[in-house]
file final09.cif (mmCIF, N, CA and C atoms and all ligand atoms)
data_my_file
#
loop_
_atom_site.label_atom_id
_atom_site.label_comp_id
_atom_site.auth_asym_id
_atom_site.auth_seq_id
_atom_site.Cartn_x
_atom_site.Cartn_y
_atom_site.Cartn_z
N MET A 24 1.89 -20.92 -1.89
CA MET A 24 1.28 -20.36 -3.11
C MET A 24 1.01 -18.87 -2.95
N GLN A 25 1.24 -18.12 -4.01
CA GLN A 25 1.00 -16.69 -3.94
C GLN A 25 -0.50 -16.41 -3.88
N ASN A 26 -0.87 -15.47 -3.05
CA ASN A 26 -2.28 -15.17 -2.86
C ASN A 26 -2.71 -14.03 -3.79
N THR A 27 -3.33 -14.38 -4.89
CA THR A 27 -3.77 -13.36 -5.85
C THR A 27 -5.28 -13.17 -5.83
N GLU A 28 -5.99 -14.07 -5.15
CA GLU A 28 -7.45 -14.09 -5.27
C GLU A 28 -8.19 -13.39 -4.14
N LEU A 29 -7.56 -13.26 -2.99
CA LEU A 29 -8.27 -12.80 -1.79
C LEU A 29 -8.97 -11.45 -1.99
N PHE A 30 -8.25 -10.46 -2.49
CA PHE A 30 -8.86 -9.13 -2.60
C PHE A 30 -9.88 -9.08 -3.73
N LYS A 31 -9.68 -9.92 -4.77
CA LYS A 31 -10.72 -10.01 -5.83
C LYS A 31 -12.02 -10.48 -5.19
N LYS A 32 -11.93 -11.46 -4.30
CA LYS A 32 -13.14 -12.01 -3.65
C LYS A 32 -13.75 -11.00 -2.70
N ILE A 33 -12.92 -10.24 -2.02
CA ILE A 33 -13.44 -9.19 -1.13
C ILE A 33 -14.18 -8.14 -1.95
N ILE A 34 -13.58 -7.70 -3.06
CA ILE A 34 -14.21 -6.68 -3.91
C ILE A 34 -15.55 -7.21 -4.45
N ALA A 35 -15.57 -8.49 -4.81
CA ALA A 35 -16.79 -9.09 -5.37
C ALA A 35 -17.83 -9.36 -4.30
N GLY A 36 -17.50 -9.18 -3.04
CA GLY A 36 -18.44 -9.43 -1.95
C GLY A 36 -18.53 -10.89 -1.57
N GLU A 37 -17.61 -11.71 -2.07
CA GLU A 37 -17.65 -13.15 -1.76
C GLU A 37 -16.99 -13.45 -0.42
N ILE A 38 -16.14 -12.54 0.02
CA ILE A 38 -15.54 -12.64 1.36
C ILE A 38 -15.87 -11.32 2.06
N PRO A 39 -16.35 -11.40 3.30
CA PRO A 39 -16.77 -10.16 3.99
C PRO A 39 -15.59 -9.25 4.34
N CYS A 40 -15.88 -7.97 4.39
CA CYS A 40 -14.88 -7.00 4.82
C CYS A 40 -15.61 -5.80 5.41
N GLU A 41 -14.86 -4.95 6.07
CA GLU A 41 -15.42 -3.69 6.56
C GLU A 41 -15.05 -2.62 5.53
N LYS A 42 -15.96 -2.47 4.55
CA LYS A 42 -15.69 -1.53 3.46
C LYS A 42 -15.84 -0.09 3.95
N VAL A 43 -14.90 0.77 3.52
CA VAL A 43 -15.04 2.18 3.91
C VAL A 43 -15.20 3.09 2.70
N TYR A 44 -14.80 2.63 1.52
CA TYR A 44 -14.89 3.50 0.34
C TYR A 44 -14.87 2.64 -0.93
N GLU A 45 -15.62 3.14 -1.93
CA GLU A 45 -15.61 2.46 -3.23
C GLU A 45 -15.95 3.49 -4.30
N ASP A 46 -15.25 3.46 -5.42
CA ASP A 46 -15.69 4.22 -6.60
C ASP A 46 -15.49 3.32 -7.82
N ASP A 47 -15.49 3.89 -9.02
CA ASP A 47 -15.41 3.04 -10.22
C ASP A 47 -14.11 2.23 -10.29
N HIS A 48 -13.06 2.74 -9.71
CA HIS A 48 -11.73 2.14 -9.88
C HIS A 48 -11.11 1.56 -8.62
N VAL A 49 -11.60 2.01 -7.48
CA VAL A 49 -10.88 1.78 -6.22
C VAL A 49 -11.82 1.19 -5.16
N PHE A 50 -11.27 0.35 -4.30
CA PHE A 50 -12.02 -0.26 -3.20
C PHE A 50 -11.15 -0.14 -1.95
N ALA A 51 -11.75 0.25 -0.84
CA ALA A 51 -10.96 0.41 0.40
C ALA A 51 -11.70 -0.23 1.57
N PHE A 52 -10.94 -0.93 2.41
CA PHE A 52 -11.54 -1.66 3.53
C PHE A 52 -10.52 -1.77 4.67
N LEU A 53 -11.05 -2.03 5.87
CA LEU A 53 -10.16 -2.11 7.04
C LEU A 53 -9.31 -3.37 7.00
N ASP A 54 -8.04 -3.22 7.34
CA ASP A 54 -7.14 -4.38 7.49
C ASP A 54 -7.59 -5.18 8.71
N ILE A 55 -7.65 -6.51 8.55
CA ILE A 55 -8.12 -7.34 9.69
C ILE A 55 -7.09 -7.43 10.81
N ALA A 56 -5.86 -7.04 10.53
CA ALA A 56 -4.83 -7.06 11.58
C ALA A 56 -4.15 -5.68 11.60
N PRO A 57 -4.87 -4.68 12.08
CA PRO A 57 -4.36 -3.31 11.96
C PRO A 57 -3.14 -3.03 12.84
N VAL A 58 -2.23 -2.24 12.27
CA VAL A 58 -1.11 -1.72 13.05
C VAL A 58 -1.66 -0.80 14.14
N ASN A 59 -2.59 0.05 13.77
CA ASN A 59 -3.35 0.90 14.68
C ASN A 59 -4.80 0.87 14.19
N PRO A 60 -5.77 1.11 15.07
CA PRO A 60 -7.16 1.13 14.62
C PRO A 60 -7.35 2.15 13.48
N GLY A 61 -8.04 1.74 12.44
CA GLY A 61 -8.25 2.61 11.28
C GLY A 61 -7.34 2.27 10.12
N HIS A 62 -6.37 1.38 10.34
CA HIS A 62 -5.46 0.91 9.27
C HIS A 62 -6.32 0.37 8.11
N THR A 63 -6.19 1.01 6.97
CA THR A 63 -7.07 0.72 5.83
C THR A 63 -6.25 0.31 4.61
N LEU A 64 -6.79 -0.61 3.84
CA LEU A 64 -6.16 -1.04 2.58
C LEU A 64 -6.92 -0.43 1.41
N VAL A 65 -6.18 0.14 0.46
CA VAL A 65 -6.77 0.73 -0.73
C VAL A 65 -6.26 -0.06 -1.93
N VAL A 66 -7.19 -0.61 -2.72
CA VAL A 66 -6.81 -1.52 -3.81
C VAL A 66 -7.53 -1.13 -5.10
N PRO A 67 -6.89 -1.39 -6.25
CA PRO A 67 -7.60 -1.18 -7.52
C PRO A 67 -8.59 -2.31 -7.76
N LYS A 68 -9.72 -1.99 -8.41
CA LYS A 68 -10.68 -3.05 -8.74
C LYS A 68 -10.14 -3.96 -9.84
N ILE A 69 -9.36 -3.37 -10.75
CA ILE A 69 -8.72 -4.20 -11.78
C ILE A 69 -7.43 -4.76 -11.19
N TRP A 70 -7.29 -6.08 -11.23
CA TRP A 70 -6.17 -6.74 -10.57
C TRP A 70 -4.83 -6.41 -11.22
N SER A 71 -3.84 -6.16 -10.40
CA SER A 71 -2.43 -6.22 -10.79
C SER A 71 -1.71 -6.76 -9.57
N GLU A 72 -0.52 -7.32 -9.79
CA GLU A 72 0.17 -7.98 -8.68
C GLU A 72 0.72 -6.97 -7.67
N GLY A 73 1.28 -5.89 -8.20
CA GLY A 73 1.90 -4.89 -7.33
C GLY A 73 2.14 -3.61 -8.10
N LEU A 74 2.97 -2.75 -7.53
CA LEU A 74 3.20 -1.44 -8.14
C LEU A 74 3.78 -1.53 -9.55
N LEU A 75 4.70 -2.49 -9.73
CA LEU A 75 5.49 -2.48 -10.96
C LEU A 75 4.72 -2.90 -12.21
N ASP A 76 3.66 -3.67 -12.03
CA ASP A 76 2.90 -4.12 -13.21
C ASP A 76 1.56 -3.39 -13.34
N THR A 77 1.36 -2.33 -12.58
CA THR A 77 0.08 -1.62 -12.63
C THR A 77 0.07 -0.57 -13.72
N ASP A 78 -1.01 -0.54 -14.48
CA ASP A 78 -1.20 0.49 -15.51
C ASP A 78 -1.14 1.87 -14.84
N PRO A 79 -0.33 2.78 -15.37
CA PRO A 79 -0.18 4.10 -14.74
C PRO A 79 -1.51 4.85 -14.57
N GLN A 80 -2.44 4.63 -15.49
CA GLN A 80 -3.74 5.32 -15.35
C GLN A 80 -4.54 4.77 -14.17
N ILE A 81 -4.45 3.46 -13.98
CA ILE A 81 -5.11 2.85 -12.81
C ILE A 81 -4.44 3.36 -11.54
N LEU A 82 -3.12 3.43 -11.60
CA LEU A 82 -2.36 3.90 -10.44
C LEU A 82 -2.76 5.32 -10.05
N ALA A 83 -3.02 6.14 -11.06
CA ALA A 83 -3.45 7.52 -10.78
C ALA A 83 -4.76 7.51 -10.01
N HIS A 84 -5.68 6.63 -10.40
CA HIS A 84 -6.95 6.52 -9.65
C HIS A 84 -6.70 6.03 -8.24
N VAL A 85 -5.81 5.03 -8.13
CA VAL A 85 -5.57 4.43 -6.80
C VAL A 85 -4.97 5.46 -5.86
N ILE A 86 -4.00 6.24 -6.35
CA ILE A 86 -3.34 7.18 -5.43
C ILE A 86 -4.31 8.30 -5.03
N GLN A 87 -5.23 8.63 -5.92
CA GLN A 87 -6.26 9.61 -5.53
C GLN A 87 -7.18 9.01 -4.45
N GLY A 88 -7.49 7.72 -4.60
CA GLY A 88 -8.27 7.04 -3.56
C GLY A 88 -7.51 6.99 -2.24
N VAL A 89 -6.21 6.76 -2.34
CA VAL A 89 -5.37 6.71 -1.13
C VAL A 89 -5.41 8.07 -0.42
N GLN A 90 -5.31 9.13 -1.17
CA GLN A 90 -5.33 10.46 -0.55
C GLN A 90 -6.67 10.71 0.15
N LYS A 91 -7.75 10.35 -0.55
CA LYS A 91 -9.09 10.54 0.02
C LYS A 91 -9.25 9.75 1.32
N VAL A 92 -8.84 8.49 1.27
CA VAL A 92 -8.96 7.62 2.44
C VAL A 92 -8.04 8.12 3.57
N ALA A 93 -6.83 8.56 3.21
CA ALA A 93 -5.88 9.01 4.24
C ALA A 93 -6.46 10.21 5.01
N LYS A 94 -7.11 11.12 4.28
CA LYS A 94 -7.73 12.28 4.95
C LYS A 94 -8.82 11.81 5.91
N ALA A 95 -9.62 10.83 5.46
CA ALA A 95 -10.71 10.32 6.30
C ALA A 95 -10.16 9.57 7.51
N VAL A 96 -9.11 8.77 7.29
CA VAL A 96 -8.52 8.02 8.40
C VAL A 96 -7.99 8.99 9.45
N LYS A 97 -7.33 10.05 8.99
CA LYS A 97 -6.78 11.03 9.93
C LYS A 97 -7.90 11.68 10.75
N GLU A 98 -8.96 12.07 10.04
CA GLU A 98 -10.07 12.73 10.73
C GLU A 98 -10.77 11.78 11.70
N ALA A 99 -11.04 10.56 11.22
CA ALA A 99 -11.84 9.62 12.03
C ALA A 99 -11.08 9.09 13.24
N THR A 100 -9.76 9.00 13.14
CA THR A 100 -8.99 8.42 14.24
C THR A 100 -8.31 9.47 15.11
N GLY A 101 -8.30 10.71 14.63
CA GLY A 101 -7.59 11.75 15.38
C GLY A 101 -6.08 11.57 15.31
N ALA A 102 -5.62 10.87 14.27
CA ALA A 102 -4.18 10.59 14.15
C ALA A 102 -3.39 11.89 13.97
N SER A 103 -2.14 11.85 14.43
CA SER A 103 -1.24 12.99 14.24
C SER A 103 -0.51 12.90 12.91
N GLY A 104 -0.45 11.70 12.35
CA GLY A 104 0.24 11.50 11.07
C GLY A 104 -0.27 10.24 10.40
N ILE A 105 0.18 10.05 9.15
CA ILE A 105 -0.25 8.88 8.37
C ILE A 105 0.99 8.29 7.70
N ASN A 106 1.15 6.97 7.79
CA ASN A 106 2.14 6.28 6.96
C ASN A 106 1.44 5.56 5.83
N LEU A 107 2.06 5.59 4.66
CA LEU A 107 1.64 4.72 3.56
C LEU A 107 2.67 3.63 3.43
N HIS A 108 2.21 2.39 3.38
CA HIS A 108 3.12 1.29 3.10
C HIS A 108 2.60 0.55 1.88
N GLN A 109 3.53 0.10 1.07
CA GLN A 109 3.14 -0.59 -0.15
C GLN A 109 4.24 -1.60 -0.45
N ASN A 110 3.95 -2.87 -0.21
CA ASN A 110 4.97 -3.91 -0.30
C ASN A 110 4.93 -4.60 -1.66
N ASN A 111 6.11 -4.81 -2.23
CA ASN A 111 6.21 -5.49 -3.53
C ASN A 111 7.17 -6.65 -3.43
N GLY A 112 6.63 -7.86 -3.55
CA GLY A 112 7.46 -9.06 -3.52
C GLY A 112 7.55 -9.62 -2.11
N GLU A 113 7.70 -10.95 -2.08
CA GLU A 113 7.73 -11.68 -0.80
C GLU A 113 8.81 -11.13 0.13
N ILE A 114 9.99 -10.84 -0.43
CA ILE A 114 11.12 -10.39 0.38
C ILE A 114 10.82 -9.04 1.03
N ALA A 115 9.91 -8.28 0.38
CA ALA A 115 9.53 -6.96 0.90
C ALA A 115 8.31 -7.04 1.82
N GLY A 116 7.87 -8.26 2.11
CA GLY A 116 6.77 -8.42 3.06
C GLY A 116 5.40 -8.53 2.42
N GLN A 117 5.36 -8.60 1.08
CA GLN A 117 4.05 -8.72 0.43
C GLN A 117 3.48 -10.12 0.65
N LYS A 118 2.25 -10.16 1.15
CA LYS A 118 1.60 -11.46 1.38
C LYS A 118 0.42 -11.65 0.46
N VAL A 119 -0.23 -10.55 0.10
CA VAL A 119 -1.37 -10.63 -0.82
C VAL A 119 -0.93 -9.99 -2.13
N PHE A 120 -0.98 -10.79 -3.19
CA PHE A 120 -0.44 -10.34 -4.48
C PHE A 120 -1.55 -9.72 -5.34
N HIS A 121 -2.00 -8.58 -4.85
CA HIS A 121 -2.98 -7.71 -5.50
C HIS A 121 -2.60 -6.33 -4.99
N LEU A 122 -2.22 -5.43 -5.90
CA LEU A 122 -1.72 -4.12 -5.46
C LEU A 122 -2.56 -3.55 -4.32
N HIS A 123 -1.91 -3.13 -3.27
CA HIS A 123 -2.64 -2.45 -2.19
C HIS A 123 -1.72 -1.49 -1.47
N PHE A 124 -2.31 -0.39 -1.06
CA PHE A 124 -1.61 0.58 -0.21
C PHE A 124 -2.18 0.47 1.20
N HIS A 125 -1.28 0.37 2.17
CA HIS A 125 -1.69 0.43 3.57
C HIS A 125 -1.73 1.89 3.98
N VAL A 126 -2.87 2.33 4.50
CA VAL A 126 -2.99 3.69 5.06
C VAL A 126 -3.03 3.51 6.58
N ILE A 127 -1.97 3.96 7.24
CA ILE A 127 -1.80 3.64 8.66
C ILE A 127 -1.79 4.93 9.50
N PRO A 128 -2.80 5.07 10.37
CA PRO A 128 -2.80 6.25 11.24
C PRO A 128 -1.71 6.13 12.30
N ARG A 129 -1.08 7.25 12.61
CA ARG A 129 0.01 7.25 13.59
C ARG A 129 -0.28 8.18 14.76
N HIS A 130 0.12 7.70 15.93
CA HIS A 130 -0.09 8.46 17.17
C HIS A 130 1.23 8.52 17.94
N GLU A 131 1.33 9.51 18.78
CA GLU A 131 2.50 9.64 19.66
C GLU A 131 2.72 8.33 20.42
N ASN A 132 3.96 7.85 20.45
CA ASN A 132 4.33 6.65 21.22
C ASN A 132 3.47 5.43 20.91
N ASP A 133 3.13 5.23 19.64
CA ASP A 133 2.31 4.05 19.32
C ASP A 133 3.16 2.79 19.13
N GLY A 134 4.48 2.95 19.23
CA GLY A 134 5.34 1.77 19.21
C GLY A 134 5.64 1.22 17.84
N TYR A 135 5.13 1.86 16.82
CA TYR A 135 5.34 1.35 15.46
C TYR A 135 6.67 1.87 14.94
N GLU A 136 7.54 0.95 14.52
CA GLU A 136 8.90 1.34 14.10
C GLU A 136 9.04 1.40 12.60
N LEU A 137 9.70 2.42 12.11
CA LEU A 137 10.02 2.51 10.68
C LEU A 137 11.38 1.86 10.44
N TRP A 138 11.80 1.87 9.18
CA TRP A 138 13.10 1.26 8.84
C TRP A 138 14.24 2.04 9.47
N HIS A 139 15.38 1.35 9.60
CA HIS A 139 16.58 2.00 10.12
C HIS A 139 17.58 2.13 8.97
N GLY A 140 17.87 3.34 8.55
CA GLY A 140 18.81 3.57 7.45
C GLY A 140 20.25 3.34 7.89
N LYS A 141 21.08 3.00 6.90
CA LYS A 141 22.51 2.82 7.17
C LYS A 141 23.25 3.93 6.42
N PRO A 142 23.97 4.82 7.10
CA PRO A 142 24.66 5.91 6.42
C PRO A 142 25.55 5.37 5.30
N ALA A 143 25.54 6.03 4.13
CA ALA A 143 26.29 5.54 2.97
C ALA A 143 27.45 6.48 2.65
N GLU A 144 28.50 5.90 2.06
CA GLU A 144 29.63 6.69 1.56
C GLU A 144 29.15 7.52 0.36
N PRO A 145 29.63 8.78 0.25
CA PRO A 145 29.27 9.59 -0.92
C PRO A 145 29.59 8.89 -2.24
N SER A 146 30.71 8.13 -2.30
CA SER A 146 31.08 7.47 -3.56
C SER A 146 30.05 6.40 -3.93
N SER A 147 29.53 5.71 -2.93
CA SER A 147 28.55 4.65 -3.26
C SER A 147 27.21 5.28 -3.66
N LEU A 148 26.89 6.45 -3.09
CA LEU A 148 25.66 7.14 -3.51
C LEU A 148 25.80 7.58 -4.97
N LYS A 149 27.01 8.10 -5.29
CA LYS A 149 27.25 8.58 -6.66
C LYS A 149 27.15 7.42 -7.66
N GLU A 150 27.77 6.30 -7.28
CA GLU A 150 27.76 5.14 -8.18
C GLU A 150 26.32 4.61 -8.37
N MET A 151 25.58 4.58 -7.28
CA MET A 151 24.20 4.10 -7.38
C MET A 151 23.34 5.08 -8.18
N GLY A 152 23.59 6.38 -7.99
CA GLY A 152 22.87 7.39 -8.77
C GLY A 152 23.08 7.18 -10.25
N GLU A 153 24.32 6.87 -10.62
CA GLU A 153 24.63 6.62 -12.05
C GLU A 153 23.86 5.40 -12.56
N ARG A 154 23.86 4.35 -11.76
CA ARG A 154 23.15 3.12 -12.19
C ARG A 154 21.66 3.38 -12.36
N LEU A 155 21.11 4.15 -11.42
CA LEU A 155 19.66 4.40 -11.49
C LEU A 155 19.31 5.32 -12.66
N ARG A 156 20.14 6.35 -12.89
CA ARG A 156 19.86 7.24 -14.04
C ARG A 156 19.92 6.45 -15.34
N LYS A 157 20.87 5.50 -15.40
CA LYS A 157 20.99 4.65 -16.59
C LYS A 157 19.73 3.78 -16.75
N ALA A 158 19.28 3.20 -15.62
CA ALA A 158 18.08 2.35 -15.67
C ALA A 158 16.84 3.15 -16.06
N LEU A 159 16.85 4.44 -15.69
CA LEU A 159 15.69 5.28 -16.01
C LEU A 159 15.73 5.79 -17.45
N GLY A 160 16.89 5.65 -18.06
CA GLY A 160 17.00 5.96 -19.50
C GLY A 160 17.20 7.42 -19.82
P1 LIG B 1 0.90 -7.23 2.58
O1 LIG B 1 1.79 -7.91 3.58
O2 LIG B 1 1.39 -5.86 2.19
O3 LIG B 1 0.62 -8.12 1.39
O4 LIG B 1 -0.44 -6.95 3.35
C1 LIG B 1 -1.54 -7.80 3.33
C2 LIG B 1 -2.49 -7.28 4.39
O5 LIG B 1 -3.76 -7.86 4.16
C3 LIG B 1 -2.09 -7.62 5.82
O6 LIG B 1 -1.91 -6.42 6.57
C4 LIG B 1 -3.27 -8.43 6.34
O7 LIG B 1 -3.59 -8.17 7.69
C5 LIG B 1 -4.39 -8.01 5.41
N1 LIG B 1 -5.45 -8.98 5.23
C6 LIG B 1 -5.30 -10.31 5.00
N2 LIG B 1 -6.52 -10.89 4.86
C7 LIG B 1 -7.44 -9.90 5.02
C8 LIG B 1 -8.87 -9.85 5.00
N3 LIG B 1 -9.60 -10.96 4.79
N4 LIG B 1 -9.48 -8.67 5.22
C9 LIG B 1 -8.76 -7.56 5.44
N5 LIG B 1 -7.41 -7.53 5.46
C10 LIG B 1 -6.76 -8.68 5.25
#
call {"tool": "encode", "arguments": {"input": "final09.cif", "output": "structure tokens", "more": "lines below"}}
Ligand code: AMP
result
Amino acid sequence: MQNTELFKKIIAGEIPCEKVYEDDHVFAFLDIAPVNPGHTLVVPKIWSEGLLDTDPQILAHVIQGVQKVAKAVKEATGASGINLHQNNGEIAGQKVFHLHFHVIPRHENDGYELWHGKPAEPSSLKEMGERLRKALG
């Protein structure tokens, strides 16, 4: 079953969390299974499943919260860099179906691996560019 309720319950205080930030629109708390210490989740208080169904105005608040939290995570952990991860759909690794951004502090040799790109033919990039421009209208 898709998990849509967990973060609603955390925001409501029905499930405990280590809260680090809250404003009218946004709630942020430590991930219970951090990639690195300080790994924080930033979520909208109004539920949406993921990026694609989120009201753009809510998203604007969330990304401002993400920036605020990312600065604090960097300062508090002494990180050299920050990754943002945001998973949409089971195939993309989403387990909790309530929009959330992972704010992940990064350190030298922390062992965390990013994706591995596959070099593409120029013709396939061109064809995909056409499809995407069409989809964007
Ligand atoms: P995702 O795979 O993008 O849906 O990420 C869900 C994240 O939620 C994972 O990194 C989990 O470790 C985290 N998580 C699950 N349950 C809790 C919880 N009760 N408190 C804090 N983080 C949680």
call {"tool": "select_by_dssp", "arguments": {"input": "final09.cif", "residues": "segment 26-144 of chain A", "states": "helix (DSSP H, G or I)", "output": "MDAnalysis selection string"}}
result
chainID A and resid 29:34 74:76 79:100 113:115
call {"tool": "residues_near_ligand", "arguments": {"input": "final09.cif", "ligand": "ligand LIG 1 (chain B)", "cutoff": "7 Å", "atoms": "only C-alpha atoms and all ligand atoms", "output": "JSON list (two decimals) with N, CA and C atoms, keeping the file's coordinate frame"}}
result
[["chain", "number", "residue", "atom", "x", "y", "z"],
["A", 29, "LEU", "N", -7.56, -13.26, -2.99],
["A", 29, "LEU", "CA", -8.27, -12.80, -1.79],
["A", 29, "LEU", "C", -8.97, -11.45, -1.99],
["A", 40, "CYS", "N", -15.88, -7.97, 4.39],
["A", 40, "CYS", "CA", -14.88, -7.00, 4.82],
["A", 40, "CYS", "C", -15.61, -5.80, 5.41],
["A", 52, "PHE", "N", -10.94, -0.93, 2.41],
["A", 52, "PHE", "CA", -11.54, -1.66, 3.53],
["A", 52, "PHE", "C", -10.52, -1.77, 4.67],
["A", 53, "LEU", "N", -11.05, -2.03, 5.87],
["A", 53, "LEU", "CA", -10.16, -2.11, 7.04],
["A", 53, "LEU", "C", -9.31, -3.37, 7.00],
["A", 54, "ASP", "N", -8.04, -3.22, 7.34],
["A", 54, "ASP", "CA", -7.14, -4.38, 7.49],
["A", 54, "ASP", "C", -7.59, -5.18, 8.71],
["A", 55, "ILE", "N", -7.65, -6.51, 8.55],
["A", 55, "ILE", "CA", -8.12, -7.34, 9.69],
["A", 55, "ILE", "C", -7.09, -7.43, 10.81],
["A", 56, "ALA", "N", -5.86, -7.04, 10.53],
["A", 56, "ALA", "CA", -4.83, -7.06, 11.58],
["A", 56, "ALA", "C", -4.15, -5.68, 11.60],
["A", 57, "PRO", "N", -4.87, -4.68, 12.08],
["A", 57, "PRO", "CA", -4.36, -3.31, 11.96],
["A", 57, "PRO", "C", -3.14, -3.03, 12.84],
["A", 109, "GLN", "N", 3.53, 0.10, 1.07],
["A", 109, "GLN", "CA", 3.14, -0.59, -0.15],
["A", 109, "GLN", "C", 4.24, -1.60, -0.45],
["A", 110, "ASN", "N", 3.95, -2.87, -0.21],
["A", 110, "ASN", "CA", 4.97, -3.91, -0.30],
["A", 110, "ASN", "C", 4.93, -4.60, -1.66],
["A", 116, "GLY", "N", 7.87, -8.26, 2.11],
["A", 116, "GLY", "CA", 6.77, -8.42, 3.06],
["A", 116, "GLY", "C", 5.40, -8.53, 2.42],
["A", 117, "GLN", "N", 5.36, -8.60, 1.08],
["A", 117, "GLN", "CA", 4.05, -8.72, 0.43],
["A", 117, "GLN", "C", 3.48, -10.12, 0.65],
["A", 118, "LYS", "N", 2.25, -10.16, 1.15],
["A", 118, "LYS", "CA", 1.60, -11.46, 1.38],
["A", 118, "LYS", "C", 0.42, -11.65, 0.46],
["A", 119, "VAL", "N", -0.23, -10.55, 0.10],
["A", 119, "VAL", "CA", -1.37, -10.63, -0.82],
["A", 119, "VAL", "C", -0.93, -9.99, -2.13],
["A", 120, "PHE", "N", -0.98, -10.79, -3.19],
["A", 120, "PHE", "CA", -0.44, -10.34, -4.48],
["A", 120, "PHE", "C", -1.55, -9.72, -5.34],
["A", 123, "HIS", "N", -1.91, -3.13, -3.27],
["A", 123, "HIS", "CA", -2.64, -2.45, -2.19],
["A", 123, "HIS", "C", -1.72, -1.49, -1.47]]
call {"tool": "closest_residue", "arguments": {"input": "final09.cif", "among": "A:His130, A:His139, A:Lys42, A:Lys31", "to": "Ser103 of chain A", "atoms": "only N, CA and C atoms"}}
result
A:His130
call {"tool": "atom_distance", "arguments": {"input": "final09.cif", "atom1": "atom C of Gln87 of chain A", "atom2": "atom N of Ile69 of chain A"}}
result
14.1 Å
call {"tool": "closest_residue", "arguments": {"input": "final09.cif", "among": "A:Gly160, A:Gly140, A:Pro128, A:Pro145", "to": "Val58 of chain A", "atoms": "all atoms listed in the file"}}
result
A:Pro128
call {"tool": "atom_distance", "arguments": {"input": "final09.cif", "atom1": "atom CA of Glu72 of chain A", "atom2": "atom CA of Thr27 of chain A"}}
result
7.2 Å
call {"tool": "axis_aligned_box", "arguments": {"input": "final09.cif", "around": "segment 76-91 of chain A", "padding_each_side": "6 Å", "output": "lines of an AutoDock Vina configuration file"}}
result
center_x = -2.8
center_y = 3.3
center_z = -7.1
size_x = 24.9
size_y = 26.8
size_z = 28.8
call {"tool": "closest_residue", "arguments": {"input": "final09.cif", "among": "A:Ala143, A:Ile127, A:Leu155, A:Leu122", "to": "Asp78 of chain A", "atoms": "only C-alpha atoms"}}
result
A:Leu122
call {"tool": "closest_residue", "arguments": {"input": "final09.cif", "among": "A:Lys32, A:Asn132, A:Val126, A:Arg156", "to": "Lys97 of chain A", "atoms": "only C-alpha atoms"}}
result
A:Val126
call {"tool": "decode", "arguments": {"input": "final09.cif", "residues": "segment 109-119 of chain A", "atoms": "N, CA, C and O atoms", "output": "mmCIF file, in the first residue's frame"}}
result
data_model
loop_
_atom_site.group_PDB
_atom_site.id
_atom_site.type_symbol
_atom_site.label_atom_id
_atom_site.label_comp_id
_atom_site.auth_asym_id
_atom_site.auth_seq_id
_atom_site.Cartn_x
_atom_site.Cartn_y
_atom_site.Cartn_z
ATOM 1 N N GLN A 109 14.761 14.207 -4.608
ATOM 2 C CA GLN A 109 13.308 14.319 -4.556
ATOM 3 C C GLN A 109 12.760 13.227 -5.468
ATOM 4 O O GLN A 109 12.869 13.325 -6.688
ATOM 5 N N ASN A 110 12.222 12.182 -4.864
ATOM 6 C CA ASN A 110 11.809 10.998 -5.617
ATOM 7 C C ASN A 110 10.319 11.045 -5.939
ATOM 8 O O ASN A 110 9.511 11.378 -5.069
ATOM 9 N N ASN A 111 9.996 10.694 -7.174
ATOM 10 C CA ASN A 111 8.592 10.674 -7.607
ATOM 11 C C ASN A 111 8.257 9.333 -8.209
ATOM 12 O O ASN A 111 8.762 8.992 -9.287
ATOM 13 N N GLY A 112 7.406 8.580 -7.525
ATOM 14 C CA GLY A 112 6.973 7.279 -8.028
ATOM 15 C C GLY A 112 7.847 6.166 -7.480
ATOM 16 O O GLY A 112 9.043 6.348 -7.212
ATOM 17 N N GLU A 113 7.201 5.003 -7.342
ATOM 18 C CA GLU A 113 7.874 3.832 -6.762
ATOM 19 C C GLU A 113 9.156 3.489 -7.508
ATOM 20 O O GLU A 113 10.186 3.210 -6.897
ATOM 21 N N ILE A 114 9.095 3.551 -8.844
ATOM 22 C CA ILE A 114 10.245 3.165 -9.670
ATOM 23 C C ILE A 114 11.427 4.100 -9.424
ATOM 24 O O ILE A 114 12.587 3.721 -9.600
ATOM 25 N N ALA A 115 11.109 5.331 -8.986
ATOM 26 C CA ALA A 115 12.150 6.329 -8.715
ATOM 27 C C ALA A 115 12.605 6.291 -7.257
ATOM 28 O O ALA A 115 13.385 7.142 -6.830
ATOM 29 N N GLY A 116 12.098 5.317 -6.503
ATOM 30 C CA GLY A 116 12.563 5.162 -5.122
ATOM 31 C C GLY A 116 11.691 5.844 -4.091
ATOM 32 O O GLY A 116 12.040 5.882 -2.908
ATOM 33 N N GLN A 117 10.537 6.386 -4.534
ATOM 34 C CA GLN A 117 9.665 7.046 -3.552
ATOM 35 C C GLN A 117 8.986 5.997 -2.676
ATOM 36 O O GLN A 117 8.398 5.034 -3.185
ATOM 37 N N LYS A 118 9.104 6.181 -1.367
ATOM 38 C CA LYS A 118 8.471 5.238 -0.434
ATOM 39 C C LYS A 118 7.364 5.909 0.349
ATOM 40 O O LYS A 118 6.396 5.263 0.751
ATOM 41 N N VAL A 119 7.515 7.210 0.586
ATOM 42 C CA VAL A 119 6.476 7.955 1.298
ATOM 43 C C VAL A 119 5.826 8.903 0.299
ATOM 44 O O VAL A 119 6.501 9.759 -0.287
#
